[in-house]
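Below is query_28.csv, holding CSV, C-alpha atoms.
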chain,number,residue,atom,x,y,z
A,85,MET,CA,188.3,-27.9,-29.9
A,86,LYS,CA,187.4,-24.4,-29.9
A,87,SER,CA,187.9,-22.2,-32.8
A,88,SER,CA,190.3,-19.9,-30.9
A,89,ALA,CA,192.5,-22.9,-30.0
A,90,LYS,CA,192.5,-23.9,-33.6
A,91,ARG,CA,193.6,-20.4,-34.6
A,92,LEU,CA,196.3,-20.5,-32.0
A,93,TYR,CA,197.6,-23.9,-33.2
A,94,VAL,CA,197.5,-22.7,-36.8
A,95,SER,CA,199.3,-19.5,-35.9
A,96,LEU,CA,201.9,-21.4,-33.9
A,97,GLY,CA,202.3,-23.9,-36.7
A,98,SER,CA,202.8,-21.0,-39.2
A,99,LEU,CA,205.4,-19.5,-36.9
A,100,VAL,CA,207.2,-22.9,-36.6
A,101,PHE,CA,207.0,-23.2,-40.4
A,102,ILE,CA,208.4,-19.7,-40.9
A,103,ALA,CA,211.1,-20.3,-38.3
A,104,GLY,CA,212.0,-23.6,-40.1
A,105,ALA,CA,212.1,-21.9,-43.5
A,106,LEU,CA,214.4,-19.2,-42.0
A,107,TYR,CA,216.6,-21.9,-40.5
A,108,VAL,CA,216.8,-23.8,-43.8
A,109,TYR,CA,217.6,-20.6,-45.6
A,110,ALA,CA,220.3,-19.6,-43.1
A,111,THR,CA,222.0,-23.0,-42.8
A,112,LEU,CA,221.5,-24.6,-46.3
A,113,ILE,CA,220.7,-22.0,-49.0
A,114,ARG,CA,222.8,-19.0,-47.9
A,115,PRO,CA,226.2,-20.9,-47.8
A,116,GLU,CA,225.4,-22.5,-51.1
A,117,PHE,CA,224.5,-19.2,-52.6
A,118,SER,CA,228.0,-17.8,-51.5
A,119,GLU,CA,229.6,-20.8,-53.0
A,120,ILE,CA,227.6,-20.3,-56.3
A,121,GLN,CA,228.8,-16.6,-56.3
A,122,ALA,CA,232.4,-17.7,-55.8
A,123,LEU,CA,232.1,-20.2,-58.7
A,124,ARG,CA,230.5,-17.6,-60.9
A,125,GLY,CA,233.4,-15.2,-60.1
A,126,GLU,CA,235.9,-18.0,-60.9
A,127,ARG,CA,234.1,-18.8,-64.2
A,128,GLN,CA,234.2,-15.1,-65.1
A,129,ALA,CA,237.9,-14.8,-64.3
A,130,GLN,CA,238.6,-17.9,-66.4
A,131,SER,CA,236.6,-16.4,-69.3
A,132,VAL,CA,238.7,-13.3,-69.1
A,133,LEU,CA,241.9,-15.4,-68.9
A,134,LEU,CA,240.8,-17.4,-71.9
A,135,ALA,CA,240.1,-14.2,-73.8
A,136,ASP,CA,243.6,-12.9,-72.8
A,137,TYR,CA,245.2,-16.2,-74.0
A,138,LYS,CA,243.3,-16.0,-77.3
A,139,THR,CA,244.5,-12.4,-77.8
A,140,THR,CA,248.0,-13.4,-76.9
A,141,ILE,CA,248.0,-16.3,-79.3
A,142,GLU,CA,246.6,-14.1,-82.1
A,143,GLU,CA,249.3,-11.5,-81.4
A,144,THR,CA,252.0,-14.1,-81.3
A,145,ASN,CA,250.8,-15.6,-84.7
A,146,ARG,CA,250.7,-12.1,-86.1
A,147,VAL,CA,254.3,-11.4,-84.9
A,148,LEU,CA,255.5,-14.8,-86.3
A,149,ALA,CA,253.9,-14.0,-89.6
A,150,LYS,CA,255.6,-10.6,-89.6
A,151,TYR,CA,259.0,-12.2,-88.9
A,152,GLU,CA,258.4,-14.8,-91.5
A,153,SER,CA,257.9,-12.0,-94.0
A,154,VAL,CA,261.0,-10.3,-92.7
A,155,SER,CA,263.0,-13.5,-93.2
A,156,ALA,CA,261.6,-13.7,-96.8
A,157,LEU,CA,262.6,-10.0,-97.2
A,158,GLN,CA,266.1,-10.8,-96.0
A,159,GLU,CA,266.3,-13.6,-98.5
A,160,ILE,CA,265.2,-11.3,-101.3
A,161,PHE,CA,267.7,-8.6,-100.1
A,162,SER,CA,270.4,-11.3,-100.1
A,163,GLU,CA,269.7,-11.9,-103.8
A,164,VAL,CA,269.9,-8.2,-104.6
A,165,VAL,CA,273.0,-7.5,-102.4
A,166,PRO,CA,274.6,-10.9,-101.6
A,167,PRO,CA,276.2,-11.5,-98.2
A,168,ASN,CA,279.6,-12.1,-99.9
A,169,GLU,CA,281.2,-11.5,-103.3
A,170,ASN,CA,279.7,-14.6,-104.9
A,171,ILE,CA,281.9,-14.3,-108.0
A,172,PRO,CA,280.6,-17.5,-109.7
A,173,SER,CA,277.0,-16.2,-109.6
A,174,LEU,CA,278.1,-12.7,-110.9
A,175,LEU,CA,280.1,-14.3,-113.7
A,176,ASN,CA,277.1,-16.5,-114.6
A,177,GLN,CA,274.8,-13.5,-114.6
A,178,VAL,CA,277.2,-11.4,-116.8
A,179,TYR,CA,277.7,-14.2,-119.3
A,180,GLY,CA,274.0,-15.1,-119.3
A,181,LEU,CA,272.8,-11.6,-119.9
A,182,ALA,CA,275.5,-11.2,-122.7
A,183,SER,CA,274.3,-14.4,-124.3
A,184,LEU,CA,270.7,-13.3,-124.2
A,185,SER,CA,271.6,-9.9,-125.8
A,186,ASN,CA,273.8,-11.5,-128.6
A,187,VAL,CA,277.0,-10.0,-127.1
A,188,LEU,CA,280.3,-11.9,-127.2
A,189,VAL,CA,282.3,-11.5,-124.0
A,190,ASP,CA,286.1,-11.8,-124.9
A,191,SER,CA,287.5,-11.3,-121.5
A,192,ILE,CA,286.5,-10.4,-118.0
A,193,GLU,CA,288.4,-9.2,-114.9
A,194,PHE,CA,287.5,-8.6,-111.3
A,195,GLN,CA,288.9,-5.9,-109.0
A,196,TYR,CA,288.0,-5.4,-105.3
A,197,LEU,CA,287.4,-1.7,-104.5
A,198,PRO,CA,287.8,-0.4,-100.9
A,199,ILE,CA,284.9,-1.2,-98.5
A,200,LYS,CA,282.7,1.8,-97.8
A,201,SER,CA,282.6,2.5,-94.0
A,202,VAL,CA,279.5,3.5,-92.1
A,203,SER,CA,279.0,5.3,-88.8
A,204,ALA,CA,279.5,3.4,-85.6
A,205,GLY,CA,275.9,3.3,-84.4
A,206,SER,CA,274.4,2.6,-87.8
A,207,LEU,CA,272.2,-0.4,-88.4
A,208,ILE,CA,273.5,-0.6,-92.0
A,209,ARG,CA,276.4,-2.9,-92.5
A,210,PRO,CA,279.3,-1.8,-94.6
A,211,PHE,CA,279.1,-2.9,-98.2
A,212,GLY,CA,281.8,-3.8,-100.7
A,213,THR,CA,282.1,-3.2,-104.4
A,214,LEU,CA,283.4,-5.6,-106.9
A,215,ARG,CA,284.5,-3.9,-110.2
A,216,VAL,CA,284.0,-6.0,-113.3
A,217,SER,CA,285.8,-5.0,-116.4
A,218,ALA,CA,284.5,-6.9,-119.5
A,219,THR,CA,285.7,-6.6,-123.1
A,220,CYS,CA,282.8,-7.3,-125.5
A,221,VAL,CA,282.1,-7.4,-129.2
A,222,SER,CA,278.6,-6.7,-130.6
A,223,GLY,CA,276.4,-4.4,-132.6
A,224,TYR,CA,275.1,-1.2,-131.1
A,225,GLU,CA,271.5,-2.3,-130.4
A,226,ASP,CA,272.7,-5.6,-128.8
A,227,MET,CA,275.0,-3.7,-126.5
A,228,LYS,CA,272.2,-1.3,-125.6
A,229,SER,CA,270.1,-4.3,-124.6
A,230,PHE,CA,273.0,-5.8,-122.7
A,231,ILE,CA,273.6,-2.7,-120.7
A,232,SER,CA,269.9,-2.3,-119.9
A,233,SER,CA,269.8,-5.9,-118.7
A,234,LEU,CA,272.8,-5.3,-116.5
A,235,GLU,CA,271.2,-2.3,-114.9
A,236,THR,CA,267.8,-4.1,-114.3
A,237,ASN,CA,269.3,-7.4,-113.2
A,238,VAL,CA,268.3,-8.9,-109.8
A,239,ARG,CA,271.7,-8.3,-108.4
A,240,LEU,CA,272.5,-4.6,-107.7
A,241,MET,CA,274.9,-3.5,-110.4
A,242,ASN,CA,275.9,-0.1,-111.8
A,243,VAL,CA,277.5,0.4,-115.2
A,244,ASP,CA,280.3,2.8,-114.4
A,245,ALA,CA,282.1,3.4,-117.7
A,246,ILE,CA,281.9,2.4,-121.4
A,247,ASN,CA,284.7,2.6,-123.9
A,248,ILE,CA,283.9,2.0,-127.5
A,249,SER,CA,286.5,1.2,-130.2
A,250,GLU,CA,286.4,0.0,-133.8
A,251,GLY,CA,285.7,-3.7,-134.1
A,252,ALA,CA,285.3,-6.0,-137.0
A,253,THR,CA,283.9,-4.5,-140.2
A,254,GLY,CA,282.1,-6.2,-143.0
A,255,GLU,CA,278.5,-6.7,-143.9
A,256,ASP,CA,277.4,-6.5,-140.2
A,257,PRO,CA,279.6,-3.9,-138.5
A,258,MET,CA,280.7,-4.8,-135.0
A,259,LEU,CA,282.1,-2.6,-132.2
A,260,ALA,CA,284.4,-3.5,-129.4
A,261,TYR,CA,283.3,-2.3,-126.0
A,262,THR,CA,285.1,-2.2,-122.7
A,263,LEU,CA,282.5,-2.1,-119.9
A,264,THR,CA,283.2,-1.2,-116.3
A,265,VAL,CA,280.4,-2.5,-114.0
A,266,ASP,CA,280.3,-2.2,-110.2
A,267,ALA,CA,278.6,-5.0,-108.4
A,268,TYR,CA,277.8,-4.6,-104.7
A,269,TYR,CA,277.9,-7.1,-101.8
A,270,GLN,CA,277.4,-7.1,-98.0
A,271,THR,CA,280.4,-7.5,-95.8
A,272,GLN,CA,280.5,-9.6,-92.7
Taking this structure as input, can you express it in the form of structure tokens?
Amino acid sequence: MKSSAKRLYVSLGSLVFIAGALYVYATLIRPEFSEIQALRGERQAQSVLLADYKTTIEETNRVLAKYESVSALQEIFSEVVPPNENIPSLLNQVYGLASLSNVLVDSIEFQYLPIKSVSAGSLIRPFGTLRVSATCVSGYEDMKSFISSLETNVRLMNVDAINISEGATGEDPMLAYTLTVDAYYQTQ
């Protein structure tokens, strides 16, 4: 074989090889490449969706934690201004604070005052006032301690009036007090 024929066959073989490579690229590689691009796009979309879900879950957990603290705040507020009169608790608080301050409570009376109204569009509910009139006997310093305890008690109370009269005399002089205390509560 002549060298020109060999070159022709090598050139034709190279062209067949190039044509075959182009055929393989066009029929096998290019469709798979498009499928790979679609899968990459899908994976990217799923990554974005996953990030959005994580953000949503974190936001939901934050909101839930916020509402849990709001419910705890509501419970604390209900201790300060109870949802009803709760006279037994009020009676217990008055007698307990009196006992801690060495004050003897002779009598106690309760009176409902008119409910304070609020404007129609207000978020604040109307509140009621329960007036407590207590007759007590004690020394001056003990009564001061008792009044201070009433005003700093957990339940919202306000000492409205104090009347002082002569009490028992003797070695330890005692005074008779008539206290008027307003205790507040939420109305339904």
Just to confirm, what's the straight-line distance from CA of Ser201 (chain A) to CA of Thr262 (chain A) in Å (one decimal)? 29.2 Å
Tell me which of A:Ala103, A:Leu263, A:Leu240, A:Ile246 sits closest to Ser217 (chain A), counting all atoms listed in the file. A:Leu263
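If you measure from each of A:Tyr224, A:Tyr109, A:Phe161, A:Tyr261 to Val189 (chain A) using all atoms listed in the file, the closest one turns out to be A:Tyr261.
Atom pair CA of Leu174 (chain A) / CA of Val216 (chain A): separated by 9.2 Å.
Nearest residue to Thr213 (chain A) among A:Gly180, A:Gly97, A:Pro198, A:Pro167 is A:Pro198, counting only C-alpha atoms.
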In the coordinate frame of the file, compute which residues have an atom within 12 Å of (272.0, -9.9, -101.8) when using only C-alpha atoms, and state them as a PDB file with C-alpha atoms, in the frame of the given file.
ATOM      1  CA  LEU A 157     262.600 -10.000 -97.200  1.00  0.00           C
ATOM      2  CA  GLN A 158     266.100 -10.800 -96.000  1.00  0.00           C
ATOM      3  CA  GLU A 159     266.300 -13.600 -98.500  1.00  0.00           C
ATOM      4  CA  ILE A 160     265.200 -11.300-101.300  1.00  0.00           C
ATOM      5  CA  PHE A 161     267.700  -8.600-100.100  1.00  0.00           C
ATOM      6  CA  SER A 162     270.400 -11.300-100.100  1.00  0.00           C
ATOM      7  CA  GLU A 163     269.700 -11.900-103.800  1.00  0.00           C
ATOM      8  CA  VAL A 164     269.900  -8.200-104.600  1.00  0.00           C
ATOM      9  CA  VAL A 165     273.000  -7.500-102.400  1.00  0.00           C
ATOM     10  CA  PRO A 166     274.600 -10.900-101.600  1.00  0.00           C
ATOM     11  CA  PRO A 167     276.200 -11.500 -98.200  1.00  0.00           C
ATOM     12  CA  ASN A 168     279.600 -12.100 -99.900  1.00  0.00           C
ATOM     13  CA  GLU A 169     281.200 -11.500-103.300  1.00  0.00           C
ATOM     14  CA  ASN A 170     279.700 -14.600-104.900  1.00  0.00           C
ATOM     15  CA  SER A 173     277.000 -16.200-109.600  1.00  0.00           C
ATOM     16  CA  LEU A 174     278.100 -12.700-110.900  1.00  0.00           C
ATOM     17  CA  PHE A 211     279.100  -2.900 -98.200  1.00  0.00           C
ATOM     18  CA  GLY A 212     281.800  -3.800-100.700  1.00  0.00           C
ATOM     19  CA  ASN A 237     269.300  -7.400-113.200  1.00  0.00           C
ATOM     20  CA  VAL A 238     268.300  -8.900-109.800  1.00  0.00           C
ATOM     21  CA  ARG A 239     271.700  -8.300-108.400  1.00  0.00           C
ATOM     22  CA  LEU A 240     272.500  -4.600-107.700  1.00  0.00           C
ATOM     23  CA  MET A 241     274.900  -3.500-110.400  1.00  0.00           C
ATOM     24  CA  ALA A 267     278.600  -5.000-108.400  1.00  0.00           C
ATOM     25  CA  TYR A 268     277.800  -4.600-104.700  1.00  0.00           C
ATOM     26  CA  TYR A 269     277.900  -7.100-101.800  1.00  0.00           C
ATOM     27  CA  GLN A 270     277.400  -7.100 -98.000  1.00  0.00           C
ATOM     28  CA  THR A 271     280.400  -7.500 -95.800  1.00  0.00           C
TER      29      THR A 271
END
Between CA of Ser183 (chain A) and CA of Asp244 (chain A), distance in Å (one decimal):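 Separation of CA of Ser183 (chain A) and CA of Asp244 (chain A): 20.7 Å.
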